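Peer 1: One structure coming up, written as C-alpha cells, with questions to follow.
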Amino acid sequence: MTLKTKLTYSIIFVFGHVALAQNYEAKVDSLMKLMTLQEKIGQTVMYSGSWDQTGPIVGTDNAKYIREGNMGAMLNAFTVKGTYDLQKVAVEETRLGIPLLFGYDVIHGHRTIFPINLGMAASWDLKMIEESSRISAEEASAEGLHWTFSPMVDIARDPRWGRISEGSGEDVYLASQIAKAYVKGYQGDDLSKHNTILACAKHFVGYGAAQAGRDYHTVNMGEGELRNVYLPPFKAAVDAGVETFMSAFNELNGVPTSGNKFTLRDILQEEWGFKGFVVSDYTSINEMILHGFAKDSTDAARIGMNAGVDMDMMGSVYRKHLKELVEEGKVDEAIVNDACRRILLAKFKLGLFDDPYRYIDEKREAETKYKPEFLSKAREIAAASSVLLQNKNNVLPLSKETKSIAFIGPLVKDEYDILGNWAAKGDRKGKAVSVFEGVLEYLKPNQIMYAKGCDILKDDESGFSEAITISKKADVIVLVMGEGHHMSGEAASRTNLKIPGIQPKLIQKIREANPDKKIILVLMNGRPINLSDEVNLVDAILEVWFPGTMGGAATADILFGAYNPSGKLTVTFPRNVGQVPIYYNMKNTGRPIPDNNPTEDYKSNYIDSPNSPLFVFGHGLSYTTFKYADFTLSSHTLSFSDTLKASVVVSNTGGFDGYEVVQLYIHDKVGSVTRPVKELKGFQKIFLKKGESKTVTFILTAEDLKFYNSEMNYTVEHGEFEIAIAPSSDFKFKNSFILE
Ligand code: NOJ
C-alpha cells in the first residue's frame with residue numbers, strides 16, 4: 001500500500017472510531033463526506049473484466065474508469081493475480097483509494113462443481129446445500145472474489161424455461177428453506193472473514209413466470225400470486241441476512257423489474273427493511289428502452305436509480321447520465337447517496353477498508369481449489385441429489401459381478417456437459433469424473449463395453465449399429481443420455497421436452513434388439529424431461545441432473561448400491577409439453593375430475609392426455625421400501641396461540657439401509673381467496689436401517705397457515721385444514737383439523 005492510501009484509510013479509521021468500533025454506518029458516513037458526487041456515482045457502476053489465460057486483463061477502459069473513480073465493482077474478474085492488478089489501481093491510483101468489489105456467478109460451485117441447483121434441491125438436504133455454498137465461498141474467496149450472484153431463488157413451474165435448472169423448483173416452502181441455506185453457506189457467520197462472500201438473491205422478481213417459458217419474456221400475475229408464491233423465497237433470503245439482491249430482466253404487470261418501485265422500494269426496502277444493495281441484471285436497466293418503458297438511456301438511468309437499483313451492471317447508464325440527472329433535479333442526490341452508502345457498507349462489512357487485499361493470497365489460492373474434502377463432499381452431494389424415477393423389478397442396484405455391461409450414449413465418457421451450465425471455473429477437462437471413469441471403481445475393464453451411439457443433438461445414426469451390437473453381447477445395458485449443458489440455463493428455453501436429438505430413437509432400437517434385457521437409463525439434464533415413451537422402453541431411470549465434478553463417481557456409487565438413492569423431485573415431470581405449466585399445488589377448479597367417475601364429461605380435463613403428471617413433486621424411489629403408519633394428531637383443533645403435533649411412524653421394510661424424505665402437506669379447504677389443493681409445510685430427511693422404525697413428528701402453528709388474502713394482508717383464517725404426512729405429493733387426504 002502506498003503512503004497516500006494508508007493515509008486515506010487512517011482518516012476513515014479515525015472517523016469510524018469516533019463512533020463505535022464496528023459501526024460501519026458511521027464509517028460510511030465519514031467516507032462519504034470526503035466524496036464528490038461523481039465519486040459516489042462511481043460506486044454504483046460495475047463492469048466486466050476481459051479475460052486472458054490467467055485472469056482478467058486490466059483493459060484500457062476498465063483501468064481508466066477505475067482510476068477516475070468511475071467504477072465501484074467488477075464481474076468476471078478473479079484469480080489472485082487478476083484481482084490484485086485491478087485492486088491496486090483502485091487503491092493506489094484513485095483519490096480516495098476505495099477498494100473494488102469483485103463479483104462472479106458462482107452458482108453451484110466455483111472450482112469443485114456440485115450438481116446443478118435443481119439437482120441439489122432434490123436432496124432435500126439443507127445441511128448439504130449449505131455445505132456446498134460454504135465450499136463455493138472458500139474456493140471463490142481464495143481467488144479474490146467477494147461476491148457471488150447466487151442463490152437464484154426464482155420459483156419455476158415451467159420446464160420449458162431453461163433457468164429452471166438454476167433454482168430449487170416449484171415449491172414455495174422448500175425453495176424458501178433452501179434460499180436460507182445458500183445464504184448462510186456463502187456469507188457464513190462473519191462477513192469480515194476472508195473466506196466468506198456476499199450472497200445475492202436473484203432475480204427480483206417473477207422471472208421464473210415468463211410467458212410460455214421463453215426467457216426474458218413478459219410476466220403478468222396478480223399481487224396475490226406474487227406475494228404467496230414468488231416473493232417468499234426472497235423474503236426468506238432477507239431473513240437469512242442476504243446482503244445483496246439482483247433485479248430481473250422481465251417486466252412484471254407492465255413495469256420492468258429493474259425500474260419497479262413497487263417491488264424494490266415498497267416491498268423490499270419498506271416492508272422488509274432490506275439494508276443491503278440491489279444490482280441490476282446485465283444491462284437490464286438499458287433494456288427498459290426496448291421494453292417500451294424508458295425513452296432513452298438517460299431516462300432508463302433515471303427510472304432505475306429512482307426505483308431502487310443501486311448498481312448498474314454493464315449498462316454504463318449510471319456512469320454516463322446520473323450526474324446530469326442529479327444536476328437537473330430528476331434524481332434526488334439523496335437517492336444516489338443512499339445507493340452509494342449501501343454499496344460502501346458492504347465493502348466495510350467485508351473488511352475491505354481494513355485491508356483491500358485481504359482476499360488476495362497466492363498460497364491460499366493454491367491450497368484451496370479442489371481440496372480432497374471438497375471433492376468427497378461433491379461426490380456425496382451428487383449421490384444425494386440423484387433421483388431414482390423408476391426401478392422395475394428392482395433391476396438396480398447392479399451387481400459388481402455382472403459379466404458384461406454395455407455403456408451406451410453420448411454422455412458415458414463426458415467430462416464437459418456433466419458440470420452443467422454456469423459451472424464457474426470448474427475445469428471441464430481433466431478434473432471432472434465421467435460415468436465411465438466412475439464405474440471403473442466397481443468393474444474391471446473386461447466387464448465393460450462402450451459405444452457412444454450418437455451425439456446429443458446431431459442426427460447422424462452411423463454409431464447405432466456398434467451400439468446395438470454391443471448391447472446384444474451384454475448382460476445389462478446402461479444408457480447415459482440427456483441434454484447438453486448449454487440446453488438449460490440462461491437463454492436456453494425449449495418447446496420440446498423430449499430427450500434431444502436421435503437419442504430416443506437409439507433407445508427404441510436398443511430395446512427392439514434386446515426385448516428381455518435389463519436396460520437402465522441414466523439421465524443428465526437441467527429440467528423436467530418428457531419421459532412418456534422411455535418409461536415403457538427401459539426398466540430403470542436414474543435422474544442425475546448435471547451432477548458436477550464428481551458426478552460420474554456418484555452415479556457409479558448408486559448404480560452399484562454403495563449409495564442408496566434418496567433424492568426426490570422438487571419439480572413435476574409432465575407427460576407432455578401440453579400439460580405445462582403443471583405443478584402439485586395447483587388450485588382446484590369448479591369442475592375437477594370426479595374420483596368416482598374419471599371420464600365424466602364437462603370436467604376440467606384434456607381429451608388427449610390425463611391431467612396427472614408422469615412423475616409427481618416429491619417422487620423418488622429407494623432401493624429399500626418405507627411404510628408409513630399410525631398417523632396421529634395431538635388434537636383435532638388448533639388455536640391461534642397453540643401448536644399442533646402431527647406424527648407418523650416410518651419403517652424401513654426393505655433390504656437396504658436408507659434415507660427417506662418425509663413430507664408434511666396441508667390443504668386449507670375454504671378461504672376468502674382459494675387455496676392450493678396441497679401445500680408442503682414441512683419435511684424431514686431421516687435415516688433408517690433395515691427393519692428400523694422412527695416416529696417423525698411435525699409441529700404446526702397458526703403462523704404456518706398464513707397467506708396473503710385479497711386485501712394483501714398476511715393472515716390466517718378459521719376453518720378446516722386437511723393434513724397428511726406422505727412420501728410424495730401423490731396421496732389423498734384422510735385427516736383434518738379445525739383452526740379455531
Ligand atoms: C445475467 C444473468 O441473468 C444473471 O443471473 C447473472 O448473474 C448475470 N448475467 C451476470 O453474469
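Ordered as shown in the C-alpha cells, chains take letters A, B, and onward, while each chain numbers its residues from 1 and ligands are numbered from 1 in the order shown.
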Could you go through range 288-497 of chain A and tell me which residues DSSP, when run on the backbone, assigns to strand (DSSP E), listing them as a PyMOL selection string?

Peer 2: chain A and resi 312-313+387-391+405-408+448-451+476-482

Peer 1: List as a ChimeraX atom specification the protein and nucleic acid residues near range 259-269 of chain A, meaning an atom at most 10 Å away when only C-alpha atoms are counted, but skip any in the same chain fewer than 5 places from it.

Peer 2: /A:204-205,227,231,234-235,238,245,247-248,251-252,254,274-278,280,284-285,288,293-294,300-309

Peer 1: May I have the residues from that selection written out with N, CA and C atoms, as an mmCIF file, in the first residue's frame?

Peer 2:
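The resulting part_23.cif:
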```cif
data_model
loop_
_atom_site.group_PDB
_atom_site.id
_atom_site.type_symbol
_atom_site.label_atom_id
_atom_site.label_comp_id
_atom_site.auth_asym_id
_atom_site.auth_seq_id
_atom_site.Cartn_x
_atom_site.Cartn_y
_atom_site.Cartn_z
ATOM 1 N N PHE A 204 -35.047 -10.517 -8.907
ATOM 2 C CA PHE A 204 -36.193 -9.905 -8.239
ATOM 3 C C PHE A 204 -37.048 -9.163 -9.250
ATOM 4 N N VAL A 205 -38.205 -9.629 -9.613
ATOM 5 C CA VAL A 205 -38.901 -10.791 -9.156
ATOM 6 C C VAL A 205 -39.876 -11.253 -10.233
ATOM 7 N N ARG A 227 -47.252 -12.440 -4.073
ATOM 8 C CA ARG A 227 -46.920 -12.475 -2.642
ATOM 9 C C ARG A 227 -46.942 -13.893 -2.079
ATOM 10 N N LEU A 231 -42.651 -14.173 -4.074
ATOM 11 C CA LEU A 231 -41.856 -13.367 -3.146
ATOM 12 C C LEU A 231 -41.276 -14.135 -1.952
ATOM 13 N N PHE A 234 -37.533 -14.876 -1.614
ATOM 14 C CA PHE A 234 -36.722 -13.655 -1.481
ATOM 15 C C PHE A 234 -36.785 -13.134 -0.036
ATOM 16 N N LYS A 235 -37.998 -13.206 0.529
ATOM 17 C CA LYS A 235 -38.146 -12.760 1.924
ATOM 18 C C LYS A 235 -37.308 -13.648 2.838
ATOM 19 N N VAL A 238 -33.816 -12.531 2.751
ATOM 20 C CA VAL A 238 -33.628 -11.327 3.575
ATOM 21 C C VAL A 238 -33.553 -11.739 5.045
ATOM 22 N N PHE A 245 -29.236 -8.033 -3.609
ATOM 23 C CA PHE A 245 -30.314 -8.525 -4.461
ATOM 24 C C PHE A 245 -29.955 -8.176 -5.906
ATOM 25 N N SER A 247 -31.949 -7.269 -9.509
ATOM 26 C CA SER A 247 -33.238 -7.081 -10.174
ATOM 27 C C SER A 247 -33.227 -7.947 -11.433
ATOM 28 N N ALA A 248 -34.383 -8.082 -12.052
ATOM 29 C CA ALA A 248 -34.500 -9.077 -13.123
ATOM 30 C C ALA A 248 -34.619 -8.415 -14.498
ATOM 31 N N GLU A 251 -40.405 -7.801 -17.327
ATOM 32 C CA GLU A 251 -41.366 -6.849 -16.790
ATOM 33 C C GLU A 251 -42.369 -7.609 -15.949
ATOM 34 N N LEU A 252 -42.982 -6.910 -15.025
ATOM 35 C CA LEU A 252 -43.976 -7.521 -14.142
ATOM 36 C C LEU A 252 -45.220 -6.642 -14.186
ATOM 37 N N GLY A 254 -46.466 -5.065 -16.532
ATOM 38 C CA GLY A 254 -46.257 -3.843 -17.314
ATOM 39 C C GLY A 254 -45.108 -2.967 -16.861
ATOM 40 N N PHE A 274 -34.942 -4.220 3.983
ATOM 41 C CA PHE A 274 -33.662 -4.680 3.429
ATOM 42 C C PHE A 274 -32.633 -3.546 3.456
ATOM 43 N N LYS A 275 -31.472 -3.836 4.023
ATOM 44 C CA LYS A 275 -30.456 -2.782 4.179
ATOM 45 C C LYS A 275 -29.289 -2.927 3.190
ATOM 46 N N GLY A 276 -29.305 -4.008 2.445
ATOM 47 C CA GLY A 276 -28.194 -4.227 1.512
ATOM 48 C C GLY A 276 -28.406 -3.445 0.224
ATOM 49 N N PHE A 277 -27.679 -3.824 -0.842
ATOM 50 C CA PHE A 277 -27.864 -3.091 -2.097
ATOM 51 C C PHE A 277 -28.388 -4.008 -3.205
ATOM 52 N N VAL A 278 -28.965 -3.344 -4.216
ATOM 53 C CA VAL A 278 -29.545 -4.061 -5.357
ATOM 54 C C VAL A 278 -28.689 -3.775 -6.589
ATOM 55 N N SER A 280 -28.392 -4.343 -10.767
ATOM 56 C CA SER A 280 -29.257 -4.687 -11.903
ATOM 57 C C SER A 280 -28.774 -6.012 -12.472
ATOM 58 N N SER A 284 -29.852 -4.736 -17.664
ATOM 59 C CA SER A 284 -31.321 -4.758 -17.555
ATOM 60 C C SER A 284 -31.912 -3.356 -17.403
ATOM 61 N N ILE A 285 -31.101 -2.396 -16.959
ATOM 62 C CA ILE A 285 -31.642 -1.024 -16.868
ATOM 63 C C ILE A 285 -31.842 -0.491 -18.290
ATOM 64 N N MET A 288 -34.874 -1.453 -20.447
ATOM 65 C CA MET A 288 -36.195 -0.830 -20.262
ATOM 66 C C MET A 288 -36.578 0.010 -21.480
ATOM 67 N N PHE A 293 -40.422 1.235 -21.867
ATOM 68 C CA PHE A 293 -40.712 1.861 -20.579
ATOM 69 C C PHE A 293 -39.846 3.100 -20.343
ATOM 70 N N ALA A 294 -38.710 3.168 -21.062
ATOM 71 C CA ALA A 294 -37.824 4.332 -20.933
ATOM 72 C C ALA A 294 -37.579 4.878 -22.333
ATOM 73 N N ALA A 300 -33.647 5.744 -18.777
ATOM 74 C CA ALA A 300 -33.505 4.438 -18.122
ATOM 75 C C ALA A 300 -32.724 4.587 -16.818
ATOM 76 N N ALA A 301 -31.655 5.391 -16.854
ATOM 77 C CA ALA A 301 -30.860 5.615 -15.632
ATOM 78 C C ALA A 301 -31.733 6.266 -14.554
ATOM 79 N N ARG A 302 -32.518 7.227 -14.955
ATOM 80 C CA ARG A 302 -33.406 7.926 -14.004
ATOM 81 C C ARG A 302 -34.381 6.932 -13.368
ATOM 82 N N ILE A 303 -35.014 6.127 -14.223
ATOM 83 C CA ILE A 303 -36.025 5.197 -13.712
ATOM 84 C C ILE A 303 -35.373 4.151 -12.796
ATOM 85 N N GLY A 304 -34.242 3.611 -13.246
ATOM 86 C CA GLY A 304 -33.575 2.561 -12.464
ATOM 87 C C GLY A 304 -33.150 3.050 -11.096
ATOM 88 N N MET A 305 -32.484 4.196 -11.056
ATOM 89 C CA MET A 305 -31.995 4.709 -9.769
ATOM 90 C C MET A 305 -33.156 5.103 -8.865
ATOM 91 N N ASN A 306 -34.131 5.794 -9.426
ATOM 92 C CA ASN A 306 -35.267 6.191 -8.590
ATOM 93 C C ASN A 306 -36.027 4.982 -8.051
ATOM 94 N N ALA A 307 -36.048 3.915 -8.848
ATOM 95 C CA ALA A 307 -36.802 2.726 -8.405
ATOM 96 C C ALA A 307 -36.063 1.954 -7.320
ATOM 97 N N GLY A 308 -34.736 2.157 -7.229
ATOM 98 C CA GLY A 308 -34.023 1.448 -6.156
ATOM 99 C C GLY A 308 -32.999 0.433 -6.641
ATOM 100 N N VAL A 309 -32.593 0.546 -7.902
ATOM 101 C CA VAL A 309 -31.477 -0.299 -8.365
ATOM 102 C C VAL A 309 -30.204 0.490 -8.060
#
```

Peer 1: Within 6 Å of ligand 1, counting only C-alpha atoms and all ligand atoms: which residues, as a short mmCIF file (atom, residue, chain, number, x, y, z; two decimals) with all heavy atoms, in the first residue's frame?

Peer 2:
```
data_model
loop_
_atom_site.label_atom_id
_atom_site.label_comp_id
_atom_site.auth_asym_id
_atom_site.auth_seq_id
_atom_site.Cartn_x
_atom_site.Cartn_y
_atom_site.Cartn_z
N ASP A 105 -20.43 -15.26 -11.08
CA ASP A 105 -21.52 -16.23 -11.00
C ASP A 105 -21.01 -17.57 -10.45
O ASP A 105 -20.72 -18.49 -11.21
CB ASP A 105 -22.13 -16.44 -12.38
CG ASP A 105 -22.96 -15.25 -12.82
OD1 ASP A 105 -24.04 -15.05 -12.25
OD2 ASP A 105 -22.51 -14.51 -13.72
N PHE A 149 -23.22 -14.08 -7.44
CA PHE A 149 -24.59 -13.76 -7.88
C PHE A 149 -25.44 -15.01 -7.69
O PHE A 149 -25.93 -15.62 -8.65
CB PHE A 149 -24.58 -13.31 -9.34
CG PHE A 149 -23.61 -12.19 -9.61
CD1 PHE A 149 -22.71 -12.27 -10.66
CD2 PHE A 149 -23.61 -11.06 -8.81
CE1 PHE A 149 -21.81 -11.25 -10.91
CE2 PHE A 149 -22.71 -10.03 -9.05
CZ PHE A 149 -21.80 -10.13 -10.10
N ASP A 281 -29.57 -6.64 -13.31
CA ASP A 281 -29.02 -7.72 -14.09
C ASP A 281 -28.25 -7.08 -15.26
O ASP A 281 -28.29 -5.86 -15.47
CB ASP A 281 -30.10 -8.70 -14.57
CG ASP A 281 -29.50 -10.09 -14.83
OD1 ASP A 281 -28.28 -10.18 -15.04
OD2 ASP A 281 -30.25 -11.08 -14.85
N TYR A 282 -27.56 -7.89 -16.01
CA TYR A 282 -26.64 -7.44 -17.05
C TYR A 282 -27.37 -6.56 -18.08
O TYR A 282 -28.16 -7.08 -18.87
CB TYR A 282 -26.09 -8.69 -17.73
CG TYR A 282 -24.76 -8.59 -18.40
CD1 TYR A 282 -23.62 -9.10 -17.79
CD2 TYR A 282 -24.64 -8.06 -19.67
CE1 TYR A 282 -22.39 -9.07 -18.43
CE2 TYR A 282 -23.41 -8.01 -20.31
CZ TYR A 282 -22.29 -8.52 -19.68
OH TYR A 282 -21.07 -8.49 -20.31
#
```

Peer 1: Which residue gives the smallest distance to Pro233 in chain A among A:Ser123, A:Thr589, A:Thr196, A:Gln177, with only C-alpha atoms counted?

Peer 2: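 Of all the options, A:Gln177 lies closest to Pro233 in chain A.
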
Peer 1: For each of A:Ala346, A:Leu569, A:Ala237, A:Ile699, take the minimum atom-to-atom distance to Leu118 in chain A, counting only C-alpha atoms, then give the residue where this is smallest.

Peer 2: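 Answer, going by the shortest atom-to-atom distance: A:Leu569.
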
Peer 1: Please report, as a tab-separated table, each residue of range 609-644 of chain A lying at most 12 Å from range 533-540 of chain A, together with the nearest pair of atoms and the separation in Å rounded to one decimal; use only C-alpha atoms, and order rows by chain and ascending residue number.

Peer 2:
```
residue	atom	partner	partner_atom	distance
A:Leu614	CA	A:Val535	CA	9.1
A:Phe615	CA	A:Val535	CA	10.5
A:Leu621	CA	A:Ala540	CA	10.5
A:Ser622	CA	A:Ala540	CA	11.8
A:Tyr623	CA	A:Ala540	CA	11.6
```

Peer 1: Against range 705-722 of chain A, which residues of range 611-666 of chain A fall within 12 Å? For each one I want the closest pair of atoms and the distance in Å (one decimal), counting only C-alpha atoms, rows by chain and increasing residue number, as a Markdown table.

Peer 2:
```
| residue | atom | partner | partner_atom | distance |
| --- | --- | --- | --- | --- |
| A:Leu633 | CA | A:Glu722 | CA | 11.4 |
| A:His636 | CA | A:Glu720 | CA | 9.7 |
| A:Thr637 | CA | A:Glu720 | CA | 9.0 |
| A:Leu638 | CA | A:His718 | CA | 9.5 |
| A:Ser639 | CA | A:His718 | CA | 9.0 |
| A:Phe640 | CA | A:Val716 | CA | 8.9 |
| A:Thr643 | CA | A:Leu705 | CA | 11.7 |
| A:Leu644 | CA | A:Leu705 | CA | 11.7 |
| A:Ala646 | CA | A:Glu722 | CA | 11.7 |
| A:Leu664 | CA | A:Glu722 | CA | 10.8 |
| A:Tyr665 | CA | A:Glu722 | CA | 8.2 |
| A:Ile666 | CA | A:Glu722 | CA | 5.3 |
```

Peer 1: Taking the backbone alone, and naming residues the way the document does, which bits of range 106-135 of chain A are alpha helix (DSSP H) by DSSP, as a list of chain:residue names?

Peer 2: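 Written out, the alpha helix (DSSP H) residues of range 106-135 of chain A are A:Asn117, A:Leu118, A:Gly119, A:Met120, A:Ala121, A:Leu126, A:Lys127, A:Met128, A:Ile129, A:Glu130, A:Glu131, A:Ser132, A:Ser133, A:Arg134, A:Ile135.
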
Peer 1: Since we have the selection now, will you write its residues out, keeping N, CA and C atoms, as a PDB file, in the first residue's frame?

Peer 2:
```pdb
ATOM      1  N   ASN A 117     -28.355 -26.595  -9.380  1.00  0.00           N
ATOM      2  CA  ASN A 117     -29.151 -26.259  -8.203  1.00  0.00           C
ATOM      3  C   ASN A 117     -30.458 -27.034  -8.123  1.00  0.00           C
ATOM      4  N   LEU A 118     -31.066 -27.286  -9.282  1.00  0.00           N
ATOM      5  CA  LEU A 118     -32.307 -28.065  -9.271  1.00  0.00           C
ATOM      6  C   LEU A 118     -32.025 -29.472  -8.748  1.00  0.00           C
ATOM      7  N   GLY A 119     -30.855 -29.973  -9.077  1.00  0.00           N
ATOM      8  CA  GLY A 119     -30.432 -31.276  -8.575  1.00  0.00           C
ATOM      9  C   GLY A 119     -30.189 -31.229  -7.079  1.00  0.00           C
ATOM     10  N   MET A 120     -29.438 -30.232  -6.633  1.00  0.00           N
ATOM     11  CA  MET A 120     -29.163 -30.163  -5.190  1.00  0.00           C
ATOM     12  C   MET A 120     -30.449 -30.040  -4.384  1.00  0.00           C
ATOM     13  N   ALA A 121     -31.418 -29.315  -4.950  1.00  0.00           N
ATOM     14  CA  ALA A 121     -32.697 -29.189  -4.240  1.00  0.00           C
ATOM     15  C   ALA A 121     -33.307 -30.568  -4.019  1.00  0.00           C
ATOM     16  N   LEU A 126     -30.794 -29.618   3.615  1.00  0.00           N
ATOM     17  CA  LEU A 126     -30.401 -28.216   3.785  1.00  0.00           C
ATOM     18  C   LEU A 126     -28.965 -28.095   4.267  1.00  0.00           C
ATOM     19  N   LYS A 127     -28.562 -29.052   5.084  1.00  0.00           N
ATOM     20  CA  LYS A 127     -27.193 -29.003   5.606  1.00  0.00           C
ATOM     21  C   LYS A 127     -26.198 -29.172   4.457  1.00  0.00           C
ATOM     22  N   MET A 128     -26.488 -30.113   3.597  1.00  0.00           N
ATOM     23  CA  MET A 128     -25.589 -30.342   2.459  1.00  0.00           C
ATOM     24  C   MET A 128     -25.539 -29.135   1.530  1.00  0.00           C
ATOM     25  N   ILE A 129     -26.698 -28.533   1.303  1.00  0.00           N
ATOM     26  CA  ILE A 129     -26.736 -27.373   0.410  1.00  0.00           C
ATOM     27  C   ILE A 129     -25.907 -26.239   1.020  1.00  0.00           C
ATOM     28  N   GLU A 130     -26.052 -26.069   2.326  1.00  0.00           N
ATOM     29  CA  GLU A 130     -25.246 -25.038   2.999  1.00  0.00           C
ATOM     30  C   GLU A 130     -23.757 -25.379   2.885  1.00  0.00           C
ATOM     31  N   GLU A 131     -23.438 -26.653   3.046  1.00  0.00           N
ATOM     32  CA  GLU A 131     -22.026 -27.055   2.913  1.00  0.00           C
ATOM     33  C   GLU A 131     -21.502 -26.766   1.512  1.00  0.00           C
ATOM     34  N   SER A 132     -22.351 -27.015   0.510  1.00  0.00           N
ATOM     35  CA  SER A 132     -21.888 -26.768  -0.870  1.00  0.00           C
ATOM     36  C   SER A 132     -21.589 -25.283  -1.058  1.00  0.00           C
ATOM     37  N   SER A 133     -22.433 -24.420  -0.518  1.00  0.00           N
ATOM     38  CA  SER A 133     -22.178 -22.994  -0.740  1.00  0.00           C
ATOM     39  C   SER A 133     -21.039 -22.494   0.149  1.00  0.00           C
ATOM     40  N   ARG A 134     -20.823 -23.172   1.274  1.00  0.00           N
ATOM     41  CA  ARG A 134     -19.654 -22.835   2.110  1.00  0.00           C
ATOM     42  C   ARG A 134     -18.369 -23.147   1.325  1.00  0.00           C
ATOM     43  N   ILE A 135     -18.345 -24.324   0.714  1.00  0.00           N
ATOM     44  CA  ILE A 135     -17.162 -24.713  -0.062  1.00  0.00           C
ATOM     45  C   ILE A 135     -16.984 -23.766  -1.254  1.00  0.00           C
TER      46      ILE A 135
END
```

Peer 1: Find the residues around Lys193 in chain A up to 10 Å (only C-alpha atoms counted), leave out those fewer than 5 positions away in its own chain, and share them as a PyMOL selection string.

Peer 2: chain A and resi 141+187-188+349-351+358-359

Peer 1: Would you output that residue set with C-alpha atoms, as a PDB file, in the first residue's frame?

Peer 2:
```pdb
ATOM      1  CA  SER A 141     -12.806 -16.102  -1.969  1.00  0.00           C
ATOM      2  CA  GLN A 187     -21.939 -15.454   3.966  1.00  0.00           C
ATOM      3  CA  GLY A 188     -21.027 -17.579   6.987  1.00  0.00           C
ATOM      4  CA  LYS A 349     -18.590  -5.424   6.196  1.00  0.00           C
ATOM      5  CA  LEU A 350     -16.234  -7.460   4.029  1.00  0.00           C
ATOM      6  CA  GLY A 351     -13.315  -5.775   5.752  1.00  0.00           C
ATOM      7  CA  ARG A 358      -7.404  -9.450   2.267  1.00  0.00           C
ATOM      8  CA  TYR A 359      -8.781 -11.884  -0.312  1.00  0.00           C
TER       9      TYR A 359
END
```

Peer 1: Distance CA of Ser635 in chain A-CA of Lys734 in chain A, one decimal place?

Peer 2: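 So the answer is 15.0 Å.
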
Peer 1: Could you check how far CA of Ala384 in chain A sits from CA of Tyr659 in chain A, in Å to one decimal?

Peer 2: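 Going from CA of Ala384 in chain A over to CA of Tyr659 in chain A covers 9.3 Å.
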
Peer 1: Tell me, as a list in words, which residues lie within 8 Å of Val387 in chain A, counting only C-alpha atoms; anything in the same chain fewer than 2 positions away does not count.

Peer 2: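 So the residues in contact are Ala122, Ser385, Leu389, Leu542, Glu543, Val544, Pro565, Ser566, Gly567, Lys568, Leu569, Gly620 and Leu621 of chain A.
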
Peer 1: Which one is closest to Lys732 in chain A: A:Lys678, A:Lys518, A:Arg591, A:Lys184? Count only C-alpha atoms.

Peer 2: A:Lys678

Peer 1: Name all residues at most 10 Å from Ile448 in chain A (count only C-alpha atoms; drop same-chain ones fewer than 3 positions away) and give them as a ChimeraX atom specification.

Peer 2: /A:402-407,436,439-440,443-445,470,474

Peer 1: Could you write out that same residue set with N, CA and C atoms as a JSON list (two decimals), in the first residue's frame?

Peer 2:
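Heads up, here's the output in result-v3.json:
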```
[["chain", "number", "residue", "atom", "x", "y", "z"],
["A", 402, "THR", "N", -21.59, -58.74, -12.38],
["A", 402, "THR", "CA", -22.20, -58.86, -13.72],
["A", 402, "THR", "C", -21.10, -59.07, -14.76],
["A", 403, "LYS", "N", -21.30, -60.07, -15.60],
["A", 403, "LYS", "CA", -20.20, -60.41, -16.52],
["A", 403, "LYS", "C", -19.89, -59.30, -17.51],
["A", 404, "SER", "N", -20.95, -58.76, -18.11],
["A", 404, "SER", "CA", -20.63, -57.67, -19.04],
["A", 404, "SER", "C", -21.77, -56.65, -19.07],
["A", 405, "ILE", "N", -21.35, -55.40, -19.02],
["A", 405, "ILE", "CA", -22.32, -54.31, -19.07],
["A", 405, "ILE", "C", -21.96, -53.41, -20.25],
["A", 406, "ALA", "N", -22.96, -53.11, -21.06],
["A", 406, "ALA", "CA", -22.73, -52.20, -22.19],
["A", 406, "ALA", "C", -23.11, -50.79, -21.75],
["A", 407, "PHE", "N", -22.17, -49.89, -21.83],
["A", 407, "PHE", "CA", -22.44, -48.48, -21.53],
["A", 407, "PHE", "C", -22.56, -47.75, -22.86],
["A", 436, "PHE", "N", -18.07, -43.18, -17.04],
["A", 436, "PHE", "CA", -17.20, -44.28, -17.44],
["A", 436, "PHE", "C", -16.06, -44.47, -16.44],
["A", 439, "VAL", "N", -17.42, -45.87, -13.05],
["A", 439, "VAL", "CA", -17.75, -47.30, -12.93],
["A", 439, "VAL", "C", -16.49, -48.16, -12.87],
["A", 440, "LEU", "N", -15.37, -47.60, -13.30],
["A", 440, "LEU", "CA", -14.12, -48.37, -13.22],
["A", 440, "LEU", "C", -13.71, -48.63, -11.77],
["A", 443, "LEU", "N", -15.95, -51.98, -11.59],
["A", 443, "LEU", "CA", -15.86, -53.05, -12.58],
["A", 443, "LEU", "C", -14.44, -53.14, -13.14],
["A", 444, "LYS", "N", -14.09, -54.32, -13.58],
["A", 444, "LYS", "CA", -12.81, -54.46, -14.29],
["A", 444, "LYS", "C", -13.07, -54.12, -15.76],
["A", 445, "PRO", "N", -12.02, -53.64, -16.44],
["A", 445, "PRO", "CA", -12.24, -53.23, -17.84],
["A", 445, "PRO", "C", -12.87, -54.33, -18.69],
["A", 470, "ILE", "N", -23.02, -54.13, -29.40],
["A", 470, "ILE", "CA", -22.51, -54.40, -28.03],
["A", 470, "ILE", "C", -23.68, -54.64, -27.06],
["A", 474, "ALA", "N", -24.11, -57.85, -24.25],
["A", 474, "ALA", "CA", -24.02, -57.56, -22.81],
["A", 474, "ALA", "C", -25.12, -58.25, -22.01]]
```

Peer 1: Skip Met46 in chain A itself and residues of its chain fewer than 2 positions away, then list as a VMD selection string all residues within 6 Å of it, counting only C-alpha atoms.

Peer 2: chain A and resid 71 73 to 74 312 to 314

Peer 1: Smallest atom-to-atom distance to Val89 in chain A: which of A:Phe353, A:Phe560, A:Tyr65, A:Tyr230, using only C-alpha atoms?

Peer 2: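 Under the stated criterion, the closest residue is A:Tyr65.
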
Peer 1: Between CA of Gly501 in chain A and CA of Lys413 in chain A, what is the spacing in Å?

Peer 2: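 Interatomic distance, CA of Lys413 in chain A to CA of Gly501 in chain A: 18.1 Å.
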
Peer 1: Which of these residues is nearest to His486 in chain A, using only C-alpha atoms: A:Asp630, A:Glu324, A:Asp417, A:Asp361?

Peer 2: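 Result for the nearest residue to His486 in chain A: A:Asp417.
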